[in-house]
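Structure first, commentary second.
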Amino acid sequence: MVYFVSGGSRGIGAAIVLKAIADGHDVAFTYLGREDRAREVEEKAQALRPGCKCRGFRMDVRDSAEVDRVGDEILDAFEDVHVVVNNAAINRDNIAVSMTDEEWHDVLATNLHGPFYVCRFFLSNMLMNRFGRIINISSVSATGATGQINYATSKAGLSGLTKSLAKEYGRKGITANMVIPGFFDTEMTQETMSEDSRFFWHKYCPVRRTGEVNELSQVVAFLASEGASFVNGAEINVTGGLDYAP
């Protein structure tokens, strides 16, 4: 199969890319600002499976015209896309009373509008094949989080997007599911997660540790497989049992 992974140059996204490569699939992934990181992922993919097809494309998911343009490039290069993983996301943390228009709009545009633009583009190809897997990466913050009203709203909206796609296209062989990660030690959490939040997680998470990115990538791999053909519209927590944010 051919995977498309947005935000695939680091963290959870890179783990999903490399797991797919290791499992014998081809992968097109996107990045925004760090081409060097994208090339590193391509090199790791070749080390895992020499001769594999793995290529990073620069894409700003906030721009629907750019999603369409780069999407066309990907289909030209890979011919088909069977699995779409919407992973690209940003934080712009602030309390509601102080949040700027820019902080609100940037997060909604990246985390919610972007997945819609990506799904809308690749759905035509999936409908033609009568097969597809859409996997959206959410967050425990979707139920509400202090200082992250923009991020929480974007991820809550992603739930509605996912479940609507599941209802519209399940009969066409296209499933849509959402993975909800807990606290994974990635560059994003290192940059944005407060010490108080880290303490909260380690104290109250039933398994008493953070997640490993390979644990999440294996869940994505299952949802992309034939074995998950009857899993549709699901929200799967990969949280160690702590399913809410402070």
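In the structure tokens, chains take the letters A, B, ... in the order shown, each chain's residues start at 1, and ligands count up from 1 in the order shown.
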Worksheet item: Which polymer residues have any atom within 10 Å of an atom of segment 67-69 of chain A, counting only C-alpha atoms, with same-chain residues fewer than 3 positions away left out, as a VMD selection string?
Response: chain A and resid 58 to 64 72 to 74 114 to 115 117 to 122
Fill in: strand (DSSP E or B) call set, DSSP backbone run, segment 24-221 of chain A, as number ranges by chain
A: 26-31, 54-58, 83-86, 94, 132-137, 148, 174-181, 184, 211
Taking N, CA and C atoms for each residue, export the selection above as a tab-separated table (two decimals), in the first residue's frame.
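Output file selection31.tsv follows:
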chain	number	residue	atom	x	y	z
A	26	ASP	N	4.99	1.81	0.75
A	26	ASP	CA	5.61	3.04	0.26
A	26	ASP	C	4.98	4.22	0.98
A	27	VAL	N	5.75	5.30	1.13
A	27	VAL	CA	5.27	6.43	1.93
A	27	VAL	C	5.62	7.76	1.29
A	28	ALA	N	4.60	8.61	1.14
A	28	ALA	CA	4.79	10.03	0.86
A	28	ALA	C	4.45	10.77	2.14
A	29	PHE	N	5.34	11.62	2.59
A	29	PHE	CA	5.07	12.36	3.82
A	29	PHE	C	5.35	13.84	3.58
A	30	THR	N	4.83	14.67	4.46
A	30	THR	CA	5.01	16.11	4.28
A	30	THR	C	5.74	16.72	5.47
A	31	TYR	N	6.32	17.87	5.20
A	31	TYR	CA	6.98	18.68	6.22
A	31	TYR	C	6.71	20.13	5.85
A	54	CYS	N	10.20	6.23	-0.46
A	54	CYS	CA	9.83	7.10	0.65
A	54	CYS	C	10.31	8.50	0.31
A	55	ARG	N	9.38	9.44	0.25
A	55	ARG	CA	9.75	10.79	-0.20
A	55	ARG	C	8.99	11.85	0.58
A	56	GLY	N	9.72	12.87	1.01
A	56	GLY	CA	9.12	13.99	1.70
A	56	GLY	C	8.76	15.12	0.74
A	57	PHE	N	7.61	15.74	0.95
A	57	PHE	CA	7.13	16.85	0.14
A	57	PHE	C	6.83	18.03	1.07
A	58	ARG	N	7.24	19.21	0.67
A	58	ARG	CA	6.88	20.39	1.46
A	58	ARG	C	5.43	20.73	1.19
A	83	VAL	N	-3.71	4.95	2.26
A	83	VAL	CA	-3.80	5.28	3.68
A	83	VAL	C	-3.43	6.74	3.87
A	84	VAL	N	-4.31	7.51	4.48
A	84	VAL	CA	-4.04	8.91	4.80
A	84	VAL	C	-3.94	9.05	6.32
A	85	VAL	N	-2.82	9.55	6.79
A	85	VAL	CA	-2.64	9.81	8.21
A	85	VAL	C	-2.46	11.31	8.40
A	86	ASN	N	-3.45	11.94	9.01
A	86	ASN	CA	-3.36	13.37	9.29
A	86	ASN	C	-2.73	13.56	10.67
A	94	ASN	N	-2.31	29.63	25.10
A	94	ASN	CA	-2.64	30.88	25.79
A	94	ASN	C	-3.99	30.68	26.48
A	132	GLY	N	-9.89	2.58	1.24
A	132	GLY	CA	-9.11	3.66	1.83
A	132	GLY	C	-9.12	3.58	3.34
A	133	ARG	N	-8.07	4.12	3.93
A	133	ARG	CA	-7.96	4.20	5.38
A	133	ARG	C	-7.59	5.65	5.74
A	134	ILE	N	-8.45	6.29	6.48
A	134	ILE	CA	-8.17	7.65	6.98
A	134	ILE	C	-7.95	7.53	8.48
A	135	ILE	N	-6.80	8.00	8.94
A	135	ILE	CA	-6.45	7.91	10.36
A	135	ILE	C	-6.02	9.29	10.82
A	136	ASN	N	-6.81	9.87	11.69
A	136	ASN	CA	-6.54	11.22	12.19
A	136	ASN	C	-5.95	11.15	13.59
A	137	ILE	N	-4.86	11.87	13.80
A	137	ILE	CA	-4.19	11.87	15.10
A	137	ILE	C	-4.73	13.03	15.93
A	148	GLN	N	-5.21	25.86	26.41
A	148	GLN	CA	-5.14	25.32	25.05
A	148	GLN	C	-6.52	25.30	24.40
A	174	ILE	N	-14.08	2.68	2.58
A	174	ILE	CA	-13.16	3.67	3.15
A	174	ILE	C	-13.51	3.86	4.62
A	175	THR	N	-12.60	3.55	5.50
A	175	THR	CA	-12.84	3.74	6.92
A	175	THR	C	-12.12	4.99	7.41
A	176	ALA	N	-12.64	5.57	8.48
A	176	ALA	CA	-12.04	6.75	9.10
A	176	ALA	C	-12.04	6.56	10.60
A	177	ASN	N	-10.89	6.66	11.20
A	177	ASN	CA	-10.75	6.47	12.64
A	177	ASN	C	-9.81	7.52	13.22
A	178	MET	N	-9.86	7.66	14.53
A	178	MET	CA	-9.05	8.67	15.21
A	178	MET	C	-8.24	7.98	16.31
A	179	VAL	N	-6.96	8.31	16.35
A	179	VAL	CA	-6.07	7.84	17.41
A	179	VAL	C	-5.81	8.99	18.37
A	180	ILE	N	-5.97	8.72	19.66
A	180	ILE	CA	-5.80	9.76	20.67
A	180	ILE	C	-4.56	9.45	21.50
A	181	PRO	N	-3.46	10.11	21.21
A	181	PRO	CA	-2.25	9.87	22.01
A	181	PRO	C	-2.34	10.57	23.36
A	184	PHE	N	3.48	11.61	24.91
A	184	PHE	CA	4.64	10.98	24.27
A	184	PHE	C	5.78	11.99	24.31
A	211	GLY	N	4.51	7.53	26.79
A	211	GLY	CA	4.43	6.57	25.70
A	211	GLY	C	5.66	6.60	24.81
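Straight-line separation from atom CA of Pro206 of chain A to atom CA of Ala14 of chain A: 26.7 Å.
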Practice prompt. In Å, rounded to a single decimal, give me how far atom CA of Ser154 of chain A is from atom CA of Ser141 of chain A.
Written response: 9.5 Å
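Restricting the calculation to only C-alpha atoms, the smallest distance between Leu158 of chain A and any of A:His105, A:His113, A:His202, A:Lys172 is found for A:His113.
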Worksheet entry | Selected residue of minimal separation from Ala45 of chain A among A:Cys205, A:Val5, A:Ala88, A:Ile21, counting only C-alpha atoms | A:Ile21
Discussion item. Among segment 1-242 of chain A, which residues does DSSP mark as helix (DSSP H, G or I) when it is run on the backbone? Keep the chain and numbering as in the structure and answer as a PyMOL selection string.
Written reply: chain A and resi 11-22+35-48+64-78+96-98+101-129+140-143+149-172+187-192+195-204+213-224+226-228
